[in-house]
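Asks: So here's protein38.cif (mmCIF, N, CA, C and O atoms).
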```cif
data_structure
loop_
_atom_site.label_atom_id
_atom_site.label_comp_id
_atom_site.auth_asym_id
_atom_site.auth_seq_id
_atom_site.Cartn_x
_atom_site.Cartn_y
_atom_site.Cartn_z
N MET Q 1 -3.71 16.34 -7.98
CA MET Q 1 -3.07 15.68 -6.86
C MET Q 1 -3.54 14.22 -6.73
O MET Q 1 -2.75 13.35 -6.40
N LEU Q 2 -4.82 14.04 -6.99
CA LEU Q 2 -5.37 12.69 -6.84
C LEU Q 2 -4.81 11.74 -7.89
O LEU Q 2 -4.54 10.57 -7.59
N GLY Q 3 -4.60 12.23 -9.10
CA GLY Q 3 -4.02 11.40 -10.15
C GLY Q 3 -2.58 11.01 -9.83
O GLY Q 3 -2.16 9.86 -10.06
N ILE Q 4 -1.81 11.96 -9.30
CA ILE Q 4 -0.42 11.66 -8.93
C ILE Q 4 -0.40 10.65 -7.78
O ILE Q 4 0.42 9.73 -7.77
N SER Q 5 -1.32 10.80 -6.84
CA SER Q 5 -1.41 9.85 -5.73
C SER Q 5 -1.73 8.45 -6.25
O SER Q 5 -1.11 7.47 -5.82
N THR Q 6 -2.66 8.36 -7.17
CA THR Q 6 -3.02 7.06 -7.75
C THR Q 6 -1.84 6.46 -8.49
O THR Q 6 -1.59 5.25 -8.39
N LEU Q 7 -1.10 7.28 -9.21
CA LEU Q 7 0.09 6.79 -9.92
C LEU Q 7 1.14 6.25 -8.93
O LEU Q 7 1.71 5.18 -9.15
N CYS Q 8 1.36 6.98 -7.85
CA CYS Q 8 2.33 6.52 -6.83
C CYS Q 8 1.87 5.20 -6.21
O CYS Q 8 2.69 4.29 -6.00
N PHE Q 9 0.59 5.09 -5.91
CA PHE Q 9 0.09 3.85 -5.32
C PHE Q 9 0.12 2.70 -6.33
O PHE Q 9 0.25 1.54 -5.94
N THR Q 10 0.02 3.01 -7.62
CA THR Q 10 0.16 1.97 -8.63
C THR Q 10 1.58 1.39 -8.61
O THR Q 10 1.76 0.18 -8.70
N VAL Q 11 2.57 2.27 -8.45
CA VAL Q 11 3.95 1.80 -8.32
C VAL Q 11 4.10 0.95 -7.06
O VAL Q 11 4.76 -0.09 -7.07
N ALA Q 12 3.46 1.39 -5.96
CA ALA Q 12 3.53 0.62 -4.71
C ALA Q 12 2.86 -0.75 -4.88
O ALA Q 12 3.36 -1.76 -4.35
N VAL Q 13 1.77 -0.81 -5.63
CA VAL Q 13 1.09 -2.08 -5.87
C VAL Q 13 1.98 -3.01 -6.69
O VAL Q 13 2.10 -4.21 -6.39
N ILE Q 14 2.61 -2.48 -7.72
CA ILE Q 14 3.49 -3.30 -8.55
C ILE Q 14 4.66 -3.84 -7.72
O ILE Q 14 4.98 -5.03 -7.79
N ALA Q 15 5.27 -2.97 -6.93
CA ALA Q 15 6.39 -3.42 -6.09
C ALA Q 15 5.93 -4.43 -5.04
O ALA Q 15 6.62 -5.42 -4.77
N GLY Q 16 4.77 -4.19 -4.43
CA GLY Q 16 4.25 -5.13 -3.44
C GLY Q 16 3.90 -6.47 -4.04
O GLY Q 16 4.14 -7.53 -3.43
N THR Q 17 3.37 -6.45 -5.25
CA THR Q 17 3.07 -7.71 -5.94
C THR Q 17 4.36 -8.47 -6.24
O THR Q 17 4.43 -9.69 -6.05
N TRP Q 18 5.38 -7.75 -6.66
CA TRP Q 18 6.68 -8.37 -6.92
C TRP Q 18 7.24 -8.99 -5.64
O TRP Q 18 7.74 -10.12 -5.66
N LEU Q 19 7.15 -8.26 -4.55
CA LEU Q 19 7.62 -8.78 -3.26
C LEU Q 19 6.86 -10.05 -2.88
O LEU Q 19 7.46 -11.05 -2.47
N GLY Q 20 5.54 -10.00 -3.00
CA GLY Q 20 4.72 -11.14 -2.62
C GLY Q 20 4.99 -12.38 -3.46
O GLY Q 20 5.06 -13.49 -2.94
N ILE Q 21 5.13 -12.19 -4.75
CA ILE Q 21 5.41 -13.33 -5.64
C ILE Q 21 6.75 -13.97 -5.28
O ILE Q 21 6.86 -15.19 -5.21
N ASN Q 22 7.76 -13.15 -5.04
CA ASN Q 22 9.06 -13.70 -4.67
C ASN Q 22 9.02 -14.45 -3.34
O ASN Q 22 9.65 -15.48 -3.19
N VAL Q 23 8.28 -13.92 -2.38
CA VAL Q 23 8.17 -14.59 -1.09
C VAL Q 23 7.46 -15.93 -1.24
O VAL Q 23 7.87 -16.94 -0.67
N LEU Q 24 6.39 -15.95 -2.03
CA LEU Q 24 5.65 -17.20 -2.24
C LEU Q 24 6.50 -18.25 -2.96
O LEU Q 24 6.33 -19.44 -2.73
N GLN Q 25 7.40 -17.81 -3.82
CA GLN Q 25 8.28 -18.74 -4.52
C GLN Q 25 9.50 -19.13 -3.70
O GLN Q 25 10.32 -19.92 -4.14
N GLY Q 26 9.63 -18.56 -2.51
CA GLY Q 26 10.74 -18.89 -1.63
C GLY Q 26 12.04 -18.21 -2.01
O GLY Q 26 13.10 -18.60 -1.54
N ARG Q 27 11.97 -17.19 -2.85
CA ARG Q 27 13.17 -16.45 -3.24
C ARG Q 27 13.22 -15.13 -2.50
O ARG Q 27 12.20 -14.59 -2.09
N ARG Q 28 14.42 -14.62 -2.33
CA ARG Q 28 14.58 -13.29 -1.75
C ARG Q 28 14.35 -12.25 -2.84
O ARG Q 28 14.97 -12.32 -3.89
N PRO Q 29 13.49 -11.28 -2.59
CA PRO Q 29 13.27 -10.24 -3.61
C PRO Q 29 14.48 -9.30 -3.70
O PRO Q 29 15.34 -9.29 -2.82
N LEU Q 30 14.53 -8.53 -4.75
CA LEU Q 30 15.58 -7.53 -4.88
C LEU Q 30 15.55 -6.58 -3.68
O LEU Q 30 14.47 -6.21 -3.21
N ARG Q 31 16.71 -6.17 -3.22
CA ARG Q 31 16.78 -5.32 -2.03
C ARG Q 31 16.09 -3.97 -2.24
O ARG Q 31 15.62 -3.37 -1.29
N ILE Q 32 16.04 -3.51 -3.46
CA ILE Q 32 15.48 -2.19 -3.75
C ILE Q 32 13.95 -2.19 -3.74
O ILE Q 32 13.32 -1.14 -3.64
N MET Q 33 13.33 -3.37 -3.84
CA MET Q 33 11.87 -3.43 -3.98
C MET Q 33 11.14 -2.96 -2.73
O MET Q 33 10.11 -2.31 -2.82
N LYS Q 34 11.64 -3.31 -1.55
CA LYS Q 34 10.96 -2.88 -0.32
C LYS Q 34 11.00 -1.35 -0.17
O LYS Q 34 9.96 -0.74 0.11
N PRO Q 35 12.17 -0.69 -0.37
CA PRO Q 35 12.15 0.78 -0.32
C PRO Q 35 11.28 1.42 -1.40
O PRO Q 35 10.65 2.45 -1.15
N ILE Q 36 11.22 0.81 -2.58
CA ILE Q 36 10.34 1.34 -3.63
C ILE Q 36 8.88 1.22 -3.19
O ILE Q 36 8.10 2.17 -3.33
N HIS Q 37 8.52 0.06 -2.63
CA HIS Q 37 7.15 -0.17 -2.16
C HIS Q 37 6.77 0.84 -1.08
O HIS Q 37 5.73 1.50 -1.17
N VAL Q 38 7.62 0.97 -0.09
CA VAL Q 38 7.33 1.88 1.03
C VAL Q 38 7.39 3.34 0.58
O VAL Q 38 6.52 4.14 0.93
N GLY Q 39 8.40 3.68 -0.22
CA GLY Q 39 8.55 5.07 -0.66
C GLY Q 39 7.41 5.53 -1.55
O GLY Q 39 6.90 6.65 -1.39
N ALA Q 40 7.00 4.69 -2.48
CA ALA Q 40 5.88 5.05 -3.36
C ALA Q 40 4.59 5.22 -2.55
O ALA Q 40 3.81 6.14 -2.81
N ALA Q 41 4.38 4.34 -1.57
CA ALA Q 41 3.18 4.46 -0.73
C ALA Q 41 3.23 5.73 0.12
O ALA Q 41 2.21 6.41 0.30
N LEU Q 42 4.41 6.07 0.62
CA LEU Q 42 4.55 7.29 1.43
C LEU Q 42 4.30 8.53 0.59
O LEU Q 42 3.54 9.42 1.01
N ILE Q 43 4.89 8.59 -0.60
CA ILE Q 43 4.68 9.75 -1.47
C ILE Q 43 3.21 9.82 -1.91
O ILE Q 43 2.61 10.90 -1.94
N GLY Q 44 2.61 8.67 -2.22
CA GLY Q 44 1.20 8.65 -2.58
C GLY Q 44 0.32 9.12 -1.44
O GLY Q 44 -0.67 9.83 -1.66
N SER Q 45 0.68 8.76 -0.21
CA SER Q 45 -0.09 9.21 0.96
C SER Q 45 -0.01 10.72 1.13
O SER Q 45 -1.00 11.37 1.48
N ILE Q 46 1.17 11.27 0.89
CA ILE Q 46 1.33 12.73 1.00
C ILE Q 46 0.45 13.43 -0.03
O ILE Q 46 -0.27 14.39 0.32
N PHE Q 47 0.46 12.96 -1.27
CA PHE Q 47 -0.39 13.57 -2.29
C PHE Q 47 -1.87 13.36 -1.98
O PHE Q 47 -2.70 14.23 -2.27
N MET Q 48 -2.22 12.22 -1.38
CA MET Q 48 -3.61 11.98 -1.01
C MET Q 48 -4.05 12.95 0.09
O MET Q 48 -5.17 13.47 0.05
N ILE Q 49 -3.18 13.21 1.04
CA ILE Q 49 -3.52 14.16 2.11
C ILE Q 49 -3.65 15.57 1.56
O ILE Q 49 -4.55 16.32 1.96
N VAL Q 50 -2.79 15.93 0.60
CA VAL Q 50 -2.91 17.24 -0.04
C VAL Q 50 -4.24 17.35 -0.78
O VAL Q 50 -4.93 18.37 -0.71
N ALA Q 51 -4.64 16.29 -1.48
CA ALA Q 51 -5.94 16.29 -2.17
C ALA Q 51 -7.08 16.40 -1.17
O ALA Q 51 -8.07 17.09 -1.44
N LEU Q 52 -6.94 15.75 -0.03
CA LEU Q 52 -7.98 15.84 1.01
C LEU Q 52 -8.07 17.26 1.55
O LEU Q 52 -9.18 17.78 1.74
N ILE Q 53 -6.93 17.90 1.76
CA ILE Q 53 -6.92 19.29 2.24
C ILE Q 53 -7.54 20.22 1.21
O ILE Q 53 -8.21 21.19 1.56
N ASN Q 54 -7.36 19.90 -0.07
CA ASN Q 54 -7.92 20.73 -1.15
C ASN Q 54 -9.41 20.49 -1.37
O ASN Q 54 -9.98 21.01 -2.32
N GLY Q 55 -10.04 19.68 -0.54
CA GLY Q 55 -11.49 19.54 -0.59
C GLY Q 55 -12.03 18.25 -1.16
O GLY Q 55 -13.24 18.14 -1.39
N GLU Q 56 -11.22 17.28 -1.40
CA GLU Q 56 -11.68 15.99 -1.93
C GLU Q 56 -12.21 15.15 -0.76
O GLU Q 56 -11.48 14.39 -0.13
N GLN Q 57 -13.51 15.29 -0.47
CA GLN Q 57 -14.09 14.66 0.72
C GLN Q 57 -14.27 13.16 0.60
O GLN Q 57 -14.42 12.48 1.59
N GLY Q 58 -14.23 12.62 -0.60
CA GLY Q 58 -14.43 11.19 -0.79
C GLY Q 58 -13.26 10.34 -0.32
O GLY Q 58 -13.33 9.11 -0.37
N LEU Q 59 -12.20 10.98 0.12
CA LEU Q 59 -11.00 10.24 0.50
C LEU Q 59 -10.96 9.83 1.97
O LEU Q 59 -9.98 9.24 2.42
N MET Q 60 -11.98 10.15 2.73
CA MET Q 60 -11.94 9.84 4.17
C MET Q 60 -11.83 8.34 4.42
O MET Q 60 -11.09 7.91 5.31
N LEU Q 61 -12.55 7.52 3.66
CA LEU Q 61 -12.43 6.07 3.79
C LEU Q 61 -11.02 5.63 3.46
O LEU Q 61 -10.45 4.78 4.13
N ASN Q 62 -10.43 6.23 2.44
CA ASN Q 62 -9.08 5.86 2.03
C ASN Q 62 -8.05 6.19 3.11
O ASN Q 62 -7.08 5.46 3.28
N VAL Q 63 -8.25 7.28 3.81
CA VAL Q 63 -7.33 7.63 4.89
C VAL Q 63 -7.39 6.57 5.98
O VAL Q 63 -6.36 6.11 6.48
N ALA Q 64 -8.60 6.15 6.35
CA ALA Q 64 -8.74 5.10 7.38
C ALA Q 64 -8.12 3.79 6.90
O ALA Q 64 -7.42 3.11 7.67
N LEU Q 65 -8.37 3.43 5.66
CA LEU Q 65 -7.78 2.20 5.13
C LEU Q 65 -6.26 2.30 5.05
O LEU Q 65 -5.55 1.32 5.34
N ALA Q 66 -5.75 3.46 4.68
CA ALA Q 66 -4.29 3.64 4.59
C ALA Q 66 -3.64 3.47 5.95
O ALA Q 66 -2.57 2.85 6.07
N VAL Q 67 -4.26 4.00 6.99
CA VAL Q 67 -3.72 3.85 8.34
C VAL Q 67 -3.67 2.36 8.73
O VAL Q 67 -2.67 1.88 9.29
N ALA Q 68 -4.71 1.63 8.40
CA ALA Q 68 -4.74 0.20 8.72
C ALA Q 68 -3.70 -0.57 7.91
O ALA Q 68 -3.01 -1.45 8.45
N VAL Q 69 -3.55 -0.24 6.63
CA VAL Q 69 -2.56 -0.91 5.79
C VAL Q 69 -1.15 -0.66 6.33
O VAL Q 69 -0.34 -1.58 6.43
N VAL Q 70 -0.88 0.58 6.69
CA VAL Q 70 0.44 0.92 7.24
C VAL Q 70 0.67 0.18 8.56
O VAL Q 70 1.76 -0.35 8.80
N ALA Q 71 -0.34 0.13 9.40
CA ALA Q 71 -0.19 -0.57 10.69
C ALA Q 71 0.15 -2.05 10.50
O ALA Q 71 1.07 -2.56 11.14
N PHE Q 72 -0.56 -2.70 9.59
CA PHE Q 72 -0.25 -4.11 9.33
C PHE Q 72 1.13 -4.26 8.67
O PHE Q 72 1.84 -5.23 8.94
N GLY Q 73 1.51 -3.31 7.83
CA GLY Q 73 2.83 -3.36 7.21
C GLY Q 73 3.95 -3.23 8.24
O GLY Q 73 4.95 -3.94 8.19
N VAL Q 74 3.77 -2.32 9.19
CA VAL Q 74 4.76 -2.15 10.25
C VAL Q 74 4.82 -3.39 11.13
O VAL Q 74 5.91 -3.85 11.49
N LEU Q 75 3.66 -3.95 11.46
CA LEU Q 75 3.64 -5.19 12.25
C LEU Q 75 4.32 -6.34 11.51
O LEU Q 75 5.05 -7.13 12.12
N MET Q 76 4.10 -6.43 10.21
CA MET Q 76 4.75 -7.47 9.41
C MET Q 76 6.26 -7.32 9.44
O MET Q 76 7.00 -8.29 9.64
N SER Q 77 6.72 -6.10 9.28
CA SER Q 77 8.16 -5.84 9.27
C SER Q 77 8.77 -6.15 10.63
O SER Q 77 9.84 -6.76 10.71
N TRP Q 78 8.11 -5.74 11.68
CA TRP Q 78 8.60 -6.01 13.04
C TRP Q 78 8.65 -7.50 13.32
O TRP Q 78 9.65 -8.01 13.84
N ALA Q 79 7.58 -8.22 12.96
CA ALA Q 79 7.54 -9.67 13.19
C ALA Q 79 8.62 -10.37 12.37
O ALA Q 79 9.25 -11.32 12.84
N ARG Q 80 8.83 -9.90 11.15
CA ARG Q 80 9.85 -10.52 10.28
C ARG Q 80 11.25 -10.34 10.86
O ARG Q 80 12.08 -11.24 10.81
N LYS Q 81 11.51 -9.15 11.44
CA LYS Q 81 12.82 -8.90 12.06
C LYS Q 81 13.03 -9.77 13.30
O LYS Q 81 14.15 -10.12 13.63
N LYS Q 82 11.93 -10.11 13.98
CA LYS Q 82 12.02 -10.98 15.15
C LYS Q 82 12.10 -12.45 14.76
O LYS Q 82 12.27 -13.32 15.60
N GLY Q 83 11.94 -12.76 13.48
CA GLY Q 83 12.05 -14.12 13.00
C GLY Q 83 10.73 -14.86 12.86
O GLY Q 83 10.71 -16.06 12.63
N PHE Q 84 9.62 -14.14 12.97
CA PHE Q 84 8.30 -14.75 12.86
C PHE Q 84 7.73 -14.49 11.47
O PHE Q 84 7.95 -13.45 10.89
N LEU Q 85 6.98 -15.44 10.97
CA LEU Q 85 6.26 -15.27 9.72
C LEU Q 85 4.79 -15.52 10.05
O LEU Q 85 4.35 -16.66 10.17
N ILE Q 86 4.04 -14.45 10.21
CA ILE Q 86 2.64 -14.54 10.64
C ILE Q 86 1.75 -14.28 9.43
O ILE Q 86 1.57 -13.13 9.01
N ALA Q 87 1.22 -15.34 8.87
CA ALA Q 87 0.44 -15.25 7.63
C ALA Q 87 -0.78 -14.34 7.73
O ALA Q 87 -1.06 -13.60 6.77
N PRO Q 88 -1.54 -14.33 8.84
CA PRO Q 88 -2.71 -13.44 8.88
C PRO Q 88 -2.35 -11.95 8.75
O PRO Q 88 -3.14 -11.18 8.21
N LEU Q 89 -1.17 -11.56 9.20
CA LEU Q 89 -0.75 -10.17 9.01
C LEU Q 89 -0.61 -9.85 7.53
O LEU Q 89 -1.05 -8.80 7.06
N TYR Q 90 -0.02 -10.77 6.79
CA TYR Q 90 0.15 -10.59 5.35
C TYR Q 90 -1.21 -10.54 4.66
O TYR Q 90 -1.45 -9.70 3.79
N VAL Q 91 -2.10 -11.44 5.04
CA VAL Q 91 -3.43 -11.49 4.43
C VAL Q 91 -4.19 -10.19 4.69
O VAL Q 91 -4.79 -9.61 3.78
N CYS Q 92 -4.17 -9.72 5.94
CA CYS Q 92 -4.87 -8.47 6.26
C CYS Q 92 -4.26 -7.29 5.52
O CYS Q 92 -4.98 -6.43 4.99
N HIS Q 93 -2.94 -7.23 5.46
CA HIS Q 93 -2.27 -6.15 4.74
C HIS Q 93 -2.68 -6.15 3.27
O HIS Q 93 -3.02 -5.10 2.71
N ILE Q 94 -2.68 -7.30 2.66
CA ILE Q 94 -3.01 -7.40 1.24
C ILE Q 94 -4.48 -7.06 0.98
O ILE Q 94 -4.80 -6.28 0.08
N LEU Q 95 -5.38 -7.63 1.77
CA LEU Q 95 -6.81 -7.38 1.55
C LEU Q 95 -7.18 -5.92 1.77
O LEU Q 95 -7.95 -5.33 0.99
N LEU Q 96 -6.64 -5.32 2.82
CA LEU Q 96 -6.92 -3.90 3.06
C LEU Q 96 -6.31 -3.03 1.96
O LEU Q 96 -6.92 -2.05 1.54
N ALA Q 97 -5.12 -3.41 1.49
CA ALA Q 97 -4.49 -2.64 0.41
C ALA Q 97 -5.30 -2.74 -0.88
O ALA Q 97 -5.42 -1.76 -1.61
N VAL Q 98 -5.85 -3.91 -1.16
CA VAL Q 98 -6.68 -4.07 -2.35
C VAL Q 98 -7.93 -3.21 -2.25
O VAL Q 98 -8.30 -2.50 -3.20
N MET Q 99 -8.59 -3.21 -1.09
CA MET Q 99 -9.77 -2.35 -0.90
C MET Q 99 -9.39 -0.88 -1.05
O MET Q 99 -10.12 -0.11 -1.68
N PHE Q 100 -8.27 -0.50 -0.47
CA PHE Q 100 -7.81 0.88 -0.56
C PHE Q 100 -7.57 1.28 -2.02
O PHE Q 100 -8.03 2.33 -2.47
N TYR Q 101 -6.85 0.44 -2.75
CA TYR Q 101 -6.50 0.78 -4.14
C TYR Q 101 -7.74 0.85 -5.03
O TYR Q 101 -7.87 1.77 -5.84
N ILE Q 102 -8.66 -0.09 -4.87
CA ILE Q 102 -9.90 -0.06 -5.67
C ILE Q 102 -10.70 1.20 -5.36
O ILE Q 102 -11.22 1.87 -6.26
N SER Q 103 -10.78 1.56 -4.10
CA SER Q 103 -11.50 2.77 -3.72
C SER Q 103 -10.82 4.02 -4.29
O SER Q 103 -11.49 4.92 -4.82
N LEU Q 104 -9.50 4.08 -4.21
CA LEU Q 104 -8.77 5.24 -4.72
C LEU Q 104 -8.93 5.38 -6.23
O LEU Q 104 -9.17 6.48 -6.74
N VAL Q 105 -8.80 4.28 -6.94
CA VAL Q 105 -8.95 4.32 -8.40
C VAL Q 105 -10.39 4.71 -8.77
O VAL Q 105 -10.61 5.49 -9.70
N SER Q 106 -11.37 4.21 -8.03
CA SER Q 106 -12.76 4.57 -8.30
C SER Q 106 -13.00 6.06 -8.10
O SER Q 106 -13.67 6.70 -8.91
N ILE Q 107 -12.45 6.61 -7.04
CA ILE Q 107 -12.62 8.05 -6.78
C ILE Q 107 -11.88 8.87 -7.83
O ILE Q 107 -12.36 9.93 -8.25
N THR Q 108 -10.72 8.38 -8.27
CA THR Q 108 -9.95 9.12 -9.27
C THR Q 108 -10.63 9.10 -10.63
O THR Q 108 -10.75 10.14 -11.29
N LEU Q 109 -11.09 7.92 -11.06
CA LEU Q 109 -11.70 7.80 -12.38
C LEU Q 109 -13.14 8.29 -12.43
O LEU Q 109 -13.60 8.78 -13.48
N PHE Q 110 -13.86 8.13 -11.34
CA PHE Q 110 -15.26 8.53 -11.27
C PHE Q 110 -15.46 9.48 -10.10
O PHE Q 110 -15.89 9.06 -9.00
N PRO Q 111 -15.16 10.76 -10.26
CA PRO Q 111 -15.19 11.71 -9.13
C PRO Q 111 -16.55 11.83 -8.45
O PRO Q 111 -16.62 12.14 -7.27
N ASN Q 112 -17.62 11.57 -9.17
CA ASN Q 112 -18.96 11.67 -8.57
C ASN Q 112 -19.45 10.34 -8.03
O ASN Q 112 -20.63 10.18 -7.75
N PHE Q 113 -18.57 9.38 -7.90
CA PHE Q 113 -18.90 8.02 -7.50
C PHE Q 113 -19.42 7.97 -6.10
O PHE Q 113 -19.07 8.35 -5.14
#
```
Could you render the structure from this file as structure tokens?

Replies:
Amino acid sequence: MLGISTLCFTVAVIAGTWLGINVLQGRRPLRIMKPIHVGAALIGSIFMIVALINGEQGLMLNVALAVAVVAFGVLMSWARKKGFLIAPLYVCHILLAVMFYISLVSITLFPNF
């Protein structure tokens, strides 16, 4: 379950990176990229919760980080719909997501970490 979760989050990272690069270049990203980013993260979260239920205790930090990443993502989306571009929301979302992904990959590759 943990490997599948990591794979899903890898897809979410790739899609999020694509979104970020397009935004920085001032271009509109492909319409499908945002649903891919959100969907892959949602599916990865479900597999992560299943792994946690199956006894993977090292994921507690990841659950807390995932909640924070989702919260900043929702705030970003809401602010964007209102016409605001708030850079600190993007920075917090990205930094927390990087910490989350590094932690998840570390737990997946090094289970006794």

Asks: Taking into account only N, CA, C and O atoms, which residue in the set Q:Ala12, Q:Ile36, Q:Ser5, Q:Leu104 is nearest to Leu59 in chain Q?

Replies: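 Between Q:Ala12, Q:Ile36, Q:Ser5, Q:Leu104, the residue approaching Leu59 in chain Q most closely is Q:Leu104.
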
Asks: Write down as an MDAnalysis selection string the residues of chain Q whose backbone DSSP state falls under helix (DSSP H, G or I).

Replies: chainID Q and resid 2:24 33:53 57:81 87:109

Asks: For CA of Lys82 in chain Q and atom O of Cys8 in chain Q, determine how far apart the two atoms are, in Å to one decimal place.

Replies: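 Atom O of Cys8 in chain Q lies 27.7 Å from CA of Lys82 in chain Q.
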
Asks: State, in Å with one decimal place, the distance from atom O of Met33 in chain Q to atom N of Pro88 in chain Q.

Replies: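 It comes out at 20.4 Å.
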
Asks: Please evaluate the PyMOL selection byres ((chain Q and resi 6) around 8) against the structure above and give the resulting residues as a list of chain:residue names.

Replies: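 Here the PyMOL selection byres ((chain Q and resi 6) around 8) matches Q:Met1, Q:Leu2, Q:Gly3, Q:Ile4, Q:Ser5, Q:Leu7, Q:Cys8, Q:Phe9, Q:Thr10, Q:Val11, Q:Ala12, Q:Val13, Q:Ala40, Q:Ile43, Q:Gly44, Q:Ser45, Q:Phe47, Q:Met48, Q:Tyr101, Q:Leu104, Q:Val105, Q:Thr108.
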
Asks: Which of these, Q:Ala87, Q:Ile21, Q:Ile102, Q:Ile94, has the shortest distance to Leu61 in chain Q once you count only C-alpha atoms?

Replies: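 Distance minimum relative to Leu61 in chain Q lands on Q:Ile102.
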
Asks: One decimal, Å: what's the distance from CA of Ala64 in chain Q over to atom O of Leu96 in chain Q, could you say?

Replies: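 Computing it gives 9.4 Å between the two atoms.
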
Asks: For Val69 in chain Q, which residue among Q:Gly16, Q:Ile46, Q:Ile107, Q:Cys92 is the nearest when counting only N, CA, C and O atoms?

Replies: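 Residue with the minimum atom-to-atom distance to Val69 in chain Q: Q:Cys92.
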
Asks: Hey, which of Q:Ile86, Q:Arg80, Q:Met99, Q:Lys34 ends up closest to Leu65 in chain Q? Count all atoms listed in the file.

Replies: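 So, comparing all the options, the nearest one is Q:Met99.
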
Asks: Would you please work out which residue, of Q:Arg28, Q:Gly39, Q:Gly58, Q:Leu52, is nearest to Pro111 in chain Q when using only N, CA, C and O atoms?

Replies: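 Ranked by minimum distance to Pro111 in chain Q, first place goes to Q:Gly58.
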
Asks: Here is a test: counting only C-alpha atoms, which residue of Q:Ala51, Q:Leu109, Q:Ala79, Q:Leu30 is nearest to Ala15 in chain Q?

Replies: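 Counting only C-alpha atoms, the residue closest to Ala15 in chain Q is Q:Leu30.
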
Asks: Output as JSON the centre and edge lengths (Å, one decimal) of the box along x, y and z of the file that holds every listed atom of range 95-106 of chain Q after adding 6 Å on each side.

Replies:
```
{"center_x": -9.1, "center_y": -0.5, "center_z": -3.3, "size_x": 21.2, "size_y": 26.3, "size_z": 24.8}
```
